[in-house]
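Reproduced below: entry-v4.pdb, with PDB, C-alpha atoms.
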```
ATOM      1  CA  MET H   1      95.051  52.582  51.493
ATOM      2  CA  SER H   2      98.577  52.745  52.914
ATOM      3  CA  TYR H   3     100.031  55.863  54.489
ATOM      4  CA  GLN H   4     102.285  56.452  51.472
ATOM      5  CA  ASP H   5      99.339  56.123  49.065
ATOM      6  CA  LEU H   6      97.303  58.477  51.219
ATOM      7  CA  LYS H   7     100.070  61.040  51.238
ATOM      8  CA  SER H   8     100.609  60.802  47.478
ATOM      9  CA  GLN H   9      96.915  61.172  46.681
ATOM     10  CA  TYR H  10      96.556  64.085  49.097
ATOM     11  CA  LEU H  11      99.453  65.919  47.427
ATOM     12  CA  GLU H  12      97.811  65.341  44.034
ATOM     13  CA  ASP H  13      94.348  66.400  45.186
ATOM     14  CA  PRO H  14      93.833  67.682  48.771
ATOM     15  CA  LYS H  15      90.053  67.558  48.260
ATOM     16  CA  SER H  16      89.951  63.963  47.043
ATOM     17  CA  ILE H  17      86.897  62.107  48.367
ATOM     18  CA  GLU H  18      88.923  58.903  48.521
ATOM     19  CA  VAL H  19      91.552  60.609  50.697
ATOM     20  CA  TRP H  20      89.059  62.033  53.182
ATOM     21  CA  THR H  21      87.091  58.788  53.321
ATOM     22  CA  ASN H  22      90.270  56.973  54.298
ATOM     23  CA  VAL H  23      91.128  59.640  56.872
ATOM     24  CA  TYR H  24      87.658  59.345  58.384
ATOM     25  CA  GLU H  25      87.926  55.546  58.606
ATOM     26  CA  ARG H  26      91.303  55.841  60.332
ATOM     27  CA  MET H  27      90.005  58.536  62.654
ATOM     28  CA  LEU H  28      86.902  56.571  63.593
ATOM     29  CA  LYS H  29      88.955  53.506  64.468
ATOM     30  CA  LEU H  30      91.237  55.552  66.707
ATOM     31  CA  CYS H  31      88.307  57.362  68.324
ATOM     32  CA  LYS H  32      86.878  54.011  69.385
ATOM     33  CA  LEU H  33      90.192  53.003  70.942
ATOM     34  CA  ILE H  34      90.906  56.281  72.697
ATOM     35  CA  SER H  35      87.543  57.595  73.878
ATOM     36  CA  LYS H  36      86.842  54.627  76.180
ATOM     37  CA  ASP H  37      89.478  56.038  78.539
ATOM     38  CA  TYR H  38      87.722  59.418  78.748
ATOM     39  CA  GLN H  39      84.811  59.711  81.137
ATOM     40  CA  LYS H  40      81.552  60.488  79.430
ATOM     41  CA  GLU H  41      80.497  62.934  82.171
ATOM     42  CA  ILE H  42      83.490  65.152  81.473
ATOM     43  CA  TYR H  43      84.257  64.620  77.802
ATOM     44  CA  ASN H  44      80.976  63.590  76.153
ATOM     45  CA  ASP H  45      78.196  65.597  77.818
ATOM     46  CA  ASP H  46      77.338  62.556  79.970
ATOM     47  CA  ILE H  47      76.315  60.626  76.833
ATOM     48  CA  ASP H  48      77.376  56.984  76.606
ATOM     49  CA  TRP H  49      80.260  56.229  74.307
ATOM     50  CA  ASN H  50      78.632  54.325  71.432
ATOM     51  CA  GLU H  51      78.839  54.152  67.654
ATOM     52  CA  GLU H  52      77.025  57.449  67.237
ATOM     53  CA  SER H  53      79.299  59.162  69.775
ATOM     54  CA  PHE H  54      82.405  57.755  68.084
ATOM     55  CA  GLN H  55      81.209  59.030  64.707
ATOM     56  CA  GLN H  56      80.434  62.460  66.156
ATOM     57  CA  LEU H  57      83.879  62.698  67.715
ATOM     58  CA  ALA H  58      85.609  61.597  64.503
ATOM     59  CA  GLN H  59      83.653  64.162  62.479
ATOM     60  CA  GLU H  60      84.511  66.925  64.954
ATOM     61  CA  VAL H  61      88.219  66.140  64.894
ATOM     62  CA  ILE H  62      88.294  66.040  61.102
ATOM     63  CA  THR H  63      86.253  69.221  60.651
ATOM     64  CA  ILE H  64      87.796  71.347  63.404
ATOM     65  CA  ARG H  65      91.380  70.135  63.468
ATOM     66  CA  MET H  66      92.205  68.310  60.248
ATOM     67  CA  ILE H  67      90.387  70.727  57.918
ATOM     68  CA  ASP H  68      89.892  74.091  59.691
ATOM     69  CA  GLN H  69      93.309  73.991  61.391
ATOM     70  CA  ASP H  70      95.015  72.274  58.440
ATOM     71  CA  GLN H  71      96.322  69.485  60.674
ATOM     72  CA  LEU H  72      96.034  66.770  58.015
ATOM     73  CA  ARG H  73      98.504  68.548  55.766
ATOM     74  CA  ILE H  74     100.796  69.219  58.726
ATOM     75  CA  SER H  75     100.598  65.611  59.956
ATOM     76  CA  LEU H  76     101.343  64.191  56.528
ATOM     77  CA  ALA H  77     104.319  66.514  56.231
ATOM     78  CA  LEU H  78     105.697  65.603  59.651
ATOM     79  CA  ALA H  79     105.003  61.856  59.706
ATOM     80  CA  GLN H  80     107.977  59.652  58.935
ATOM     81  CA  ASP H  81     105.975  56.469  58.468
ATOM     82  CA  GLU H  82     102.596  54.813  59.078
ATOM     83  CA  SER H  83     102.996  54.439  62.842
ATOM     84  CA  HIS H  84     104.173  58.033  63.216
ATOM     85  CA  PHE H  85     101.146  59.253  61.265
ATOM     86  CA  THR H  86      98.873  57.194  63.522
ATOM     87  CA  TYR H  87     100.540  58.734  66.577
ATOM     88  CA  LEU H  88      99.927  62.251  65.227
ATOM     89  CA  MET H  89      96.263  61.443  64.576
ATOM     90  CA  ARG H  90      95.902  60.092  68.120
ATOM     91  CA  ARG H  91      97.349  63.338  69.416
ATOM     92  CA  GLN H  92      94.769  65.341  67.454
ATOM     93  CA  ILE H  93      91.964  63.323  69.046
ATOM     94  CA  LYS H  94      93.340  63.808  72.547
ATOM     95  CA  GLN H  95      93.849  67.518  72.036
ATOM     96  CA  HIS H  96      90.277  67.848  70.811
ATOM     97  CA  LEU H  97      88.943  65.859  73.771
ATOM     98  CA  SER H  98      90.823  68.189  76.109
ATOM     99  CA  LYS H  99      88.847  71.077  74.598
ATOM    100  CA  ARG H 100      85.602  69.259  75.455
ATOM    101  CA  ARG H 101      86.541  68.975  79.106
ATOM    102  CA  ARG H 102      84.042  70.201  81.685
ATOM    103  CA  ARG H 103      84.903  71.558  85.118
ATOM    104  CA  ASP H 104      85.482  68.609  87.432
ATOM    105  CA  VAL H 105      86.831  67.572  90.803
ATOM    106  CA  ILE H 106      90.378  68.732  90.028
ATOM    107  CA  ASP H 107      89.084  72.266  89.564
ATOM    108  CA  ASN H 108      87.464  71.971  92.992
ATOM    109  CA  ILE H 109      90.732  70.725  94.492
ATOM    110  CA  PHE H 110      92.589  73.731  93.154
ATOM    111  CA  ASP H 111      89.992  76.054  94.643
ATOM    112  CA  ARG H 112      90.734  74.431  98.005
ATOM    113  CA  LEU H 113      94.491  74.551  97.416
ATOM    114  CA  LYS H 114      94.292  78.293  96.787
ATOM    115  CA  GLU H 115      92.670  78.710 100.188
ATOM    116  CA  ILE H 116      95.237  76.434 101.844
ATOM    117  CA  ALA H 117      98.092  78.319 100.175
ATOM    118  CA  LYS H 118      96.998  81.572 101.797
ATOM    119  CA  ASN H 119      98.833  80.614 104.991
ATOM    120  CA  ASP H 120     102.407  81.751 105.544
ATOM    121  CA  ASP H 121     104.025  78.464 104.499
ATOM    122  CA  PHE H 122     103.019  78.710 100.840
ATOM    123  CA  LEU H 123     103.049  81.178  98.004
ATOM    124  CA  ILE H 124     100.886  81.372  94.859
ATOM    125  CA  GLU H 125     102.186  83.143  91.776
ATOM    126  CA  THR H 126     100.392  83.784  88.512
ATOM    127  CA  ILE H 127     102.662  84.190  85.511
ATOM    128  CA  GLY H 128     100.674  84.668  82.316
ATOM    129  CA  LYS H 129      98.331  81.696  82.173
ATOM    130  CA  GLU H 130     100.465  79.665  84.566
ATOM    131  CA  LEU H 131      99.544  79.164  88.221
ATOM    132  CA  TRP H 132     102.488  78.250  90.447
ATOM    133  CA  PHE H 133     102.335  76.786  93.954
ATOM    134  CA  CYS H 134     105.555  77.332  95.879
ATOM    135  CA  LEU H 135     107.008  77.195  99.333
ATOM    136  CA  ASN H 136     107.360  80.694 100.728
ATOM    137  CA  ASP H 137     110.611  81.047  98.801
ATOM    138  CA  LYS H 138     110.634  83.275  95.748
ATOM    139  CA  ALA H 139     114.002  81.831  94.700
ATOM    140  CA  ALA H 140     112.539  78.373  93.987
ATOM    141  CA  GLU H 141     113.119  77.243  90.396
ATOM    142  CA  LYS H 142     110.054  77.271  88.159
ATOM    143  CA  ARG H 143     110.193  74.588  85.495
ATOM    144  CA  THR H 144     108.033  71.967  83.806
ATOM    145  CA  LEU H 145     108.475  68.533  85.343
ATOM    146  CA  SER H 146     109.339  65.416  83.380
ATOM    147  CA  ALA H 147     107.052  62.382  83.262
ATOM    148  CA  SER H 148     109.400  60.482  85.559
ATOM    149  CA  GLU H 149     109.348  63.329  88.098
ATOM    150  CA  ILE H 150     105.533  63.335  88.007
ATOM    151  CA  ARG H 151     105.525  59.604  88.765
ATOM    152  CA  GLU H 152     108.035  60.024  91.597
ATOM    153  CA  LEU H 153     105.993  62.789  93.212
ATOM    154  CA  ALA H 154     102.791  60.773  92.847
ATOM    155  CA  ASN H 155     104.502  57.883  94.621
ATOM    156  CA  LEU H 156     105.731  60.295  97.288
ATOM    157  CA  VAL H 157     102.164  61.208  98.296
ATOM    158  CA  TRP H 158     100.490  57.908  97.409
ATOM    159  CA  ASP H 159     100.180  56.874 101.068
ATOM    160  CA  ILE H 160      98.301  60.021 102.152
ATOM    161  CA  PRO H 161      94.714  58.888 102.862
ATOM    162  CA  ARG H 162      92.043  59.667 100.314
ATOM    163  CA  ILE H 163      88.347  59.655 101.058
ATOM    164  CA  PRO H 164      86.812  56.362  99.838
ATOM    165  CA  GLN H 165      84.995  56.810  96.571
ATOM    166  CA  ASN H 166      81.329  56.144  96.093
ATOM    167  CA  PRO H 167      81.333  53.011  93.888
ATOM    168  CA  ASN H 168      78.411  54.466  91.915
ATOM    169  CA  SER H 169      80.296  57.679  91.154
ATOM    170  CA  SER H 170      82.822  58.129  88.367
ATOM    171  CA  ARG H 171      84.769  60.802  90.257
ATOM    172  CA  ASN H 172      85.394  61.775  93.860
ATOM    173  CA  THR H 173      83.902  64.997  95.185
ATOM    174  CA  MET H 174      86.286  65.934  98.005
ATOM    175  CA  VAL H 175      89.080  63.336  97.731
ATOM    176  CA  TYR H 176      91.161  64.630 100.677
ATOM    177  CA  THR H 177      90.401  66.194 104.014
ATOM    178  CA  THR H 178      91.846  69.681 104.356
ATOM    179  CA  VAL H 179      94.592  68.425 106.669
ATOM    180  CA  ASP H 180      95.603  65.670 104.231
ATOM    181  CA  LEU H 181      95.405  67.949 101.181
ATOM    182  CA  THR H 182      97.678  70.389 102.988
ATOM    183  CA  GLU H 183     100.107  67.542 103.635
ATOM    184  CA  VAL H 184     100.020  66.596  99.926
ATOM    185  CA  LEU H 185     101.016  70.130  98.948
ATOM    186  CA  ARG H 186     103.602  70.413 101.703
ATOM    187  CA  ARG H 187     105.245  67.092 100.867
ATOM    188  CA  ILE H 188     105.436  67.849  97.128
ATOM    189  CA  LEU H 189     106.824  71.345  97.631
ATOM    190  CA  SER H 190     109.360  70.169 100.198
ATOM    191  CA  GLN H 191     110.739  67.987  97.398
ATOM    192  CA  ILE H 192     110.813  70.456  94.504
ATOM    193  CA  GLY H 193     110.054  73.909  95.931
ATOM    194  CA  CYS H 194     107.641  74.998  93.202
ATOM    195  CA  ILE H 195     105.106  73.287  90.931
ATOM    196  CA  GLU H 196     102.802  74.550  88.190
ATOM    197  CA  ARG H 197      99.101  73.709  88.135
ATOM    198  CA  ARG H 198      99.325  71.456  85.068
ATOM    199  CA  ASP H 199     101.984  69.243  86.640
ATOM    200  CA  LEU H 200     100.067  69.111  89.911
ATOM    201  CA  SER H 201      96.952  68.125  87.925
ATOM    202  CA  LEU H 202      98.828  65.192  86.401
ATOM    203  CA  ILE H 203      99.662  63.965  89.896
ATOM    204  CA  PHE H 204      96.036  64.215  91.038
ATOM    205  CA  GLU H 205      94.797  62.495  87.881
ATOM    206  CA  ARG H 206      96.612  59.343  89.025
ATOM    207  CA  PHE H 207      94.393  59.228  92.102
ATOM    208  CA  LEU H 208      91.123  60.627  90.797
ATOM    209  CA  THR H 209      90.509  58.374  87.832
ATOM    210  CA  PRO H 210      89.358  55.273  89.656
ATOM    211  CA  PHE H 211      90.522  51.824  88.699
ATOM    212  CA  ALA H 212      87.438  50.977  86.666
ATOM    213  CA  ARG H 213      86.316  47.393  86.970
ATOM    214  CA  ALA H 214      85.072  47.888  83.414
ATOM    215  CA  ASP H 215      88.757  47.827  82.415
ATOM    216  CA  LEU H 216      88.603  44.096  83.127
ATOM    217  CA  GLU H 217      86.132  43.320  80.368
ATOM    218  CA  ASP H 218      86.696  41.136  77.363
ATOM    219  CA  VAL H 219      88.614  42.822  74.557
ATOM    220  CA  ALA H 220      88.422  39.967  72.112
ATOM    221  CA  ASP H 221      88.809  42.348  69.196
ATOM    222  CA  GLN H 222      92.237  43.345  70.482
ATOM    223  CA  SER H 223      95.323  41.188  70.444
ATOM    224  CA  VAL H 224      99.082  41.308  70.569
ATOM    225  CA  GLU H 225      99.065  42.639  67.022
ATOM    226  CA  ASP H 226      97.303  45.760  68.292
ATOM    227  CA  LEU H 227     100.406  46.793  70.243
ATOM    228  CA  SER H 228     101.232  49.167  67.414
ATOM    229  CA  PHE H 229      98.451  51.337  68.840
ATOM    230  CA  SER H 230      99.870  51.233  72.368
ATOM    231  CA  MET H 231     101.035  54.508  73.898
ATOM    232  CA  ILE H 232     103.007  52.658  76.570
ATOM    233  CA  ARG H 233     106.741  53.014  76.137
ATOM    234  CA  LYS H 234     109.115  50.059  76.035
ATOM    235  CA  GLU H 235     110.662  50.958  79.371
ATOM    236  CA  GLU H 236     107.202  50.988  80.956
ATOM    237  CA  MET H 237     106.693  47.430  79.776
ATOM    238  CA  THR H 238     109.283  46.472  82.397
ATOM    239  CA  VAL H 239     106.876  47.652  85.098
ATOM    240  CA  ILE H 240     104.135  45.450  83.630
ATOM    241  CA  HIS H 241     106.501  42.497  83.332
ATOM    242  CA  GLU H 242     107.635  42.819  86.951
ATOM    243  CA  PHE H 243     104.046  43.187  88.158
ATOM    244  CA  VAL H 244     102.894  40.027  86.363
ATOM    245  CA  ASN H 245     105.879  38.096  87.724
ATOM    246  CA  SER H 246     105.024  39.245  91.242
ATOM    247  CA  LEU H 247     101.602  37.588  91.034
ATOM    248  CA  ASP H 248     101.146  33.982  92.040
ATOM    249  CA  GLU H 249      99.342  31.529  89.777
ATOM    250  CA  ARG H 250      96.000  32.018  91.508
ATOM    251  CA  GLU H 251      96.171  35.800  91.196
ATOM    252  CA  ARG H 252      97.076  35.562  87.524
ATOM    253  CA  SER H 253      94.156  33.226  86.923
ATOM    254  CA  VAL H 254      91.660  35.526  88.639
ATOM    255  CA  LEU H 255      92.914  38.610  86.805
ATOM    256  CA  TYR H 256      92.926  36.842  83.449
ATOM    257  CA  LEU H 257      89.428  35.394  83.875
ATOM    258  CA  LYS H 258      87.893  38.662  85.101
ATOM    259  CA  HIS H 259      89.419  40.389  82.085
ATOM    260  CA  GLN H 260      87.470  37.908  79.984
ATOM    261  CA  ASN H 261      84.328  38.922  81.914
ATOM    262  CA  VAL H 262      83.960  35.437  83.422
ATOM    263  CA  SER H 263      81.502  35.362  86.322
ATOM    264  CA  ASP H 264      82.618  34.669  89.884
ATOM    265  CA  SER H 265      80.588  31.450  89.967
ATOM    266  CA  VAL H 266      82.343  30.072  86.872
ATOM    267  CA  ILE H 267      85.741  31.080  88.267
ATOM    268  CA  ALA H 268      84.832  29.310  91.522
ATOM    269  CA  ASP H 269      84.139  26.111  89.581
ATOM    270  CA  ARG H 270      87.383  26.383  87.618
ATOM    271  CA  LEU H 271      89.575  27.101  90.632
ATOM    272  CA  GLY H 272      87.761  24.816  93.032
ATOM    273  CA  ALA H 273      86.791  27.489  95.559
ATOM    274  CA  SER H 274      83.591  29.000  96.923
ATOM    275  CA  ARG H 275      82.093  32.182  95.461
ATOM    276  CA  PRO H 276      82.796  34.188  98.670
ATOM    277  CA  THR H 277      86.407  33.038  98.480
ATOM    278  CA  ILE H 278      86.643  34.105  94.840
ATOM    279  CA  ALA H 279      85.128  37.486  95.751
ATOM    280  CA  GLY H 280      87.898  37.948  98.316
ATOM    281  CA  TRP H 281      90.619  36.872  95.896
ATOM    282  CA  LYS H 282      89.188  39.204  93.272
ATOM    283  CA  GLN H 283      89.299  42.213  95.577
ATOM    284  CA  ASP H 284      92.863  41.326  96.588
ATOM    285  CA  VAL H 285      94.107  41.174  93.004
ATOM    286  CA  PHE H 286      92.195  44.344  92.060
ATOM    287  CA  SER H 287      93.923  46.125  94.941
ATOM    288  CA  LYS H 288      97.277  44.867  93.686
ATOM    289  CA  VAL H 289      96.492  46.107  90.190
ATOM    290  CA  GLU H 290      95.646  49.523  91.563
ATOM    291  CA  ASN H 291      98.511  49.891  94.027
ATOM    292  CA  GLU H 292     101.324  47.963  92.342
ATOM    293  CA  LEU H 293     100.663  48.550  88.635
ATOM    294  CA  LEU H 294      98.443  51.527  87.855
ATOM    295  CA  ARG H 295     100.251  53.886  90.194
ATOM    296  CA  TYR H 296     103.078  53.985  87.662
ATOM    297  CA  PHE H 297     100.885  55.066  84.724
ATOM    298  CA  ASP H 298      98.866  58.079  83.711
ATOM    299  CA  ALA H 299      95.123  57.656  84.082
ATOM    300  CA  GLU H 300      94.506  57.489  80.354
ATOM    301  CA  LEU H 301      96.772  54.417  80.149
ATOM    302  CA  TYR H 302      95.072  52.367  82.892
ATOM    303  CA  ALA H 303      93.066  50.152  80.552
ATOM    304  CA  GLU H 304      96.027  49.675  78.215
ATOM    305  CA  ALA H 305      98.367  48.717  81.082
ATOM    306  CA  ILE H 306      95.869  46.112  82.270
ATOM    307  CA  ARG H 307      95.388  44.774  78.748
ATOM    308  CA  LEU H 308      99.123  44.315  78.270
ATOM    309  CA  ALA H 309      99.440  42.653  81.678
ATOM    310  CA  VAL H 310      96.741  40.164  80.709
ATOM    311  CA  ILE H 311      98.487  39.478  77.399
ATOM    312  CA  GLU H 312     101.663  38.714  79.351
ATOM    313  CA  ILE H 313      99.717  36.399  81.673
ATOM    314  CA  SER H 314      98.391  34.606  78.608
ATOM    315  CA  ASN H 315     101.898  34.285  77.176
ATOM    316  CA  LEU H 316     103.178  32.817  80.449
ATOM    317  CA  ALA H 317     100.348  30.283  80.433
ATOM    318  CA  VAL H 318     101.303  29.196  76.909
ATOM    319  CA  GLN H 319     104.950  28.822  77.960
ATOM    320  CA  ASP H 320     103.925  26.710  80.956
ATOM    321  CA  GLU H 321     101.925  24.406  78.675
ATOM    322  CA  GLU H 322     104.934  23.980  76.382
TER     323      GLU H 322
END
```
Kindly return the structure encoded in the file as C-alpha cells.
Amino acid sequence: MSYQDLKSQYLEDPKSIEVWTNVYERMLKLCKLISKDYQKEIYNDDIDWNEESFQQLAQEVITIRMIDQDQLRISLALAQDESHFTYLMRRQIKQHLSKRRRRDVIDNIFDRLKEIAKNDDFLIETIGKELWFCLNDKAAEKRTLSASEIRELANLVWDIPRIPQNPNSSRNTMVYTTVDLTEVLRRILSQIGCIERRDLSLIFERFLTPFARADLEDVADQSVEDLSFSMIRKEEMTVIHEFVNSLDERERSVLYLKHQNVSDSVIADRLGASRPTIAGWKQDVFSKVENELLRYFDAELYAEAIRLAVIEISNLAVQDEE
C-alpha cells in the first residue's frame, strides 16, 4: 500500500484493519533497521535484538505513540510524501527508544563533572529542567548548539586521552581520569563559555559508543537502493567520499572484505599476505575508520556511515574494472 493510499484509507476509516496492518509492517521494518544501533543493555533490558524484540518494539511504538498519542494522524497530516512519512515514523521509534533508556556511563560522567565544577573555575546553573555548565562568568550566553558546533567541539577534545575500553564491555565505566575530564570541560567552555547537559551528552556519545566490529558484518539485504532510509545528509556524504579516497587499495580491500564478514585467513589468501600481517592491516584500517570517519558522525550513525563507505568502495572497484 502506498503512502497516498494509506492516508486516503485512514481518512475514510481510522480504525481500518488494513491501515493498521500496513502501519505495523512499515514500523517493524524500520525497527529492524534502527534498533541495531541501540545497545541492548541500555535500550532493551539487556535482551538480544531479535525478531521477537523487533516485534515488541514495533507494537510498543504503535500502541503508545501512534494510537495513544495520536501520532499516526499527526504524521499523516504533516508528511509531504512517502519519504517524509518514513522519516516521521523513524523519529517516533527513536523518541520511544529514548524513553526506554537506562542510567549509563554518561550519567556517571555528569556526576563527576558536578564535583569537578565545584571549584572556582566553573559554575553550574539549573534553569527548569536544564543543567548548564559554564565558566565562572554569569554573562556567558546560554543557547542550544547546532550539529556542526557539536562536531567541532568533539574534534576539539578528541585528542584528550580516554581510558582504553574493555573489549568485552559495550560501554566504558570511567572513560577519563579526573584530570583529563577536567581538561575536557575546561577546553569546551573556553571555546563557548556555557554548555547545556544535552549538548555535552552529544559530545560524549561520540566517544562512548565504541566502534563496534559488528558494524563490519555482511548486510547483504541492504543495497544502494536502501539509501532512502539513510539519515546521513548529502553534505555528510562528502566526508565519506573523502575518507574512502584517502584509503589506499589495500586498506579498501581489507575494509570491504571485513564488512562482508570474510575471515582473516581467506583475506590473507586473496591479498597474498600472512594472517598476522592481515591482523595488523585490519587494526590499522579499523583505527582509521574510528579516527578519520566516525568522529564526524553521531553514534547512532556509525553503522550507516560504514555501510555507505563500503558501498563507495564497491563503486570504485566497479569503475576500476571498467
Taking 4 positions as the minimum chain separation for residues in the same chain, which residues sit within 9 Å of Ile106 (chain H) when counting all atoms listed in the file? Answer as a PDB file with C-alpha atoms, in the coordinates of the input.
```
ATOM      1  CA  PHE H 110      92.589  73.731  93.154  1.00  0.00           C
ATOM      2  CA  ASP H 111      89.992  76.054  94.643  1.00  0.00           C
ATOM      3  CA  SER H 201      96.952  68.125  87.925  1.00  0.00           C
ATOM      4  CA  PHE H 204      96.036  64.215  91.038  1.00  0.00           C
ATOM      5  CA  GLU H 205      94.797  62.495  87.881  1.00  0.00           C
ATOM      6  CA  LEU H 208      91.123  60.627  90.797  1.00  0.00           C
TER       7      LEU H 208
END
```
Query raised in the report: Any chance you could work out the residue set of the PyMOL selection byres ((chain H and resi 25) around 12) here, as a list in words?
Result: Met1, Glu18, Val19, Trp20, Thr21, Asn22, Val23, Tyr24, Arg26, Met27, Leu28, Lys29, Leu30, Cys31, Lys32, Phe54, Gln55, Ala58, Gln59, Ile62 and Met89 of chain H
Export of the given selection (C-alpha atoms) as a tab-separated table (two decimals), in the coordinates of the input:
```tsv
chain	number	residue	atom	x	y	z
H	1	MET	CA	95.05	52.58	51.49
H	18	GLU	CA	88.92	58.90	48.52
H	19	VAL	CA	91.55	60.61	50.70
H	20	TRP	CA	89.06	62.03	53.18
H	21	THR	CA	87.09	58.79	53.32
H	22	ASN	CA	90.27	56.97	54.30
H	23	VAL	CA	91.13	59.64	56.87
H	24	TYR	CA	87.66	59.34	58.38
H	26	ARG	CA	91.30	55.84	60.33
H	27	MET	CA	90.00	58.54	62.65
H	28	LEU	CA	86.90	56.57	63.59
H	29	LYS	CA	88.96	53.51	64.47
H	30	LEU	CA	91.24	55.55	66.71
H	31	CYS	CA	88.31	57.36	68.32
H	32	LYS	CA	86.88	54.01	69.39
H	54	PHE	CA	82.40	57.76	68.08
H	55	GLN	CA	81.21	59.03	64.71
H	58	ALA	CA	85.61	61.60	64.50
H	59	GLN	CA	83.65	64.16	62.48
H	62	ILE	CA	88.29	66.04	61.10
H	89	MET	CA	96.26	61.44	64.58
```
What's around region 187-199 of chain H at 7 Å? Count only C-alpha atoms, leave out sequence neighbours fewer than 3 positions away in its own chain, and write the answer as a compact mmCIF listing (two decimals) with C-alpha atoms, in the coordinates of the input.
```txt
# COMPACT_ATOMS: atom_id res chain seq x y z
CA GLU H 130 100.46 79.67 84.57
CA LEU H 131 99.54 79.16 88.22
CA TRP H 132 102.49 78.25 90.45
CA PHE H 133 102.34 76.79 93.95
CA CYS H 134 105.56 77.33 95.88
CA LEU H 135 107.01 77.19 99.33
CA ALA H 140 112.54 78.37 93.99
CA GLU H 141 113.12 77.24 90.40
CA LYS H 142 110.05 77.27 88.16
CA LEU H 145 108.48 68.53 85.34
CA LEU H 153 105.99 62.79 93.21
CA GLU H 183 100.11 67.54 103.64
CA VAL H 184 100.02 66.60 99.93
CA LEU H 202 98.83 65.19 86.40
CA ILE H 203 99.66 63.96 89.90
```
Query - Test item: residues at most 12 Å from Ile313 (chain H), only C-alpha atoms, excluding those fewer than 6 positions along its chain, as a ChimeraX atom specification - result: /H:240-257,259,306-307,319-320
**Report entry** Between CA of Leu97 (chain H) and CA of Lys36 (chain H), distance in Å (one decimal)
**Finding:** 11.7 Å
Query raised in the report: Taking into account only C-alpha atoms, which residue in the set H:Ile64, H:Asp180, H:Leu78, H:Arg73 is nearest to Ile116 (chain H)?
Result: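 Among the listed residues, H:Asp180 lies closest to Ile116 (chain H).
Put simply, the PyMOL selection byres ((chain H and resi 37) around 9) on this file hits H:Leu33, H:Ile34, H:Ser35, H:Lys36, H:Tyr38, H:Gln39, H:Ala299, H:Glu300, H:Leu301, H:Tyr302, H:Ala303.
Each of H:Ile47, H:Ile160, H:Leu88, H:Val266 was compared to Gln71 (chain H) using all atoms listed in the file, and H:Leu88 turns out to be the nearest.
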Query raised in the report: What separation in Å, quoted to one decimal, exists between CA of Pro276 (chain H) and CA of Leu316 (chain H)?
Result: 27.4 Å
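What separates CA of Ile232 (chain H) from CA of Arg100 (chain H) is a distance of 24.1 Å.
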Report task. Using all atoms listed in the file, pick whichever of H:Arg233, H:Glu312, H:Ala268, H:Gln92 has the shortest atom-to-atom distance to Ala147 (chain H). Result ->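 Checking each candidate against Ala147 (chain H), we get H:Arg233 as the closest.
By chain and then residue number, the residues within 9 Å of Asp264 (chain H) are Lys258, Ala268, Asp269, Arg275, Pro276, Ile278, Ala279 and Lys282 of chain H, counting all atoms listed in the file and disregarding those fewer than 4 positions away in sequence.
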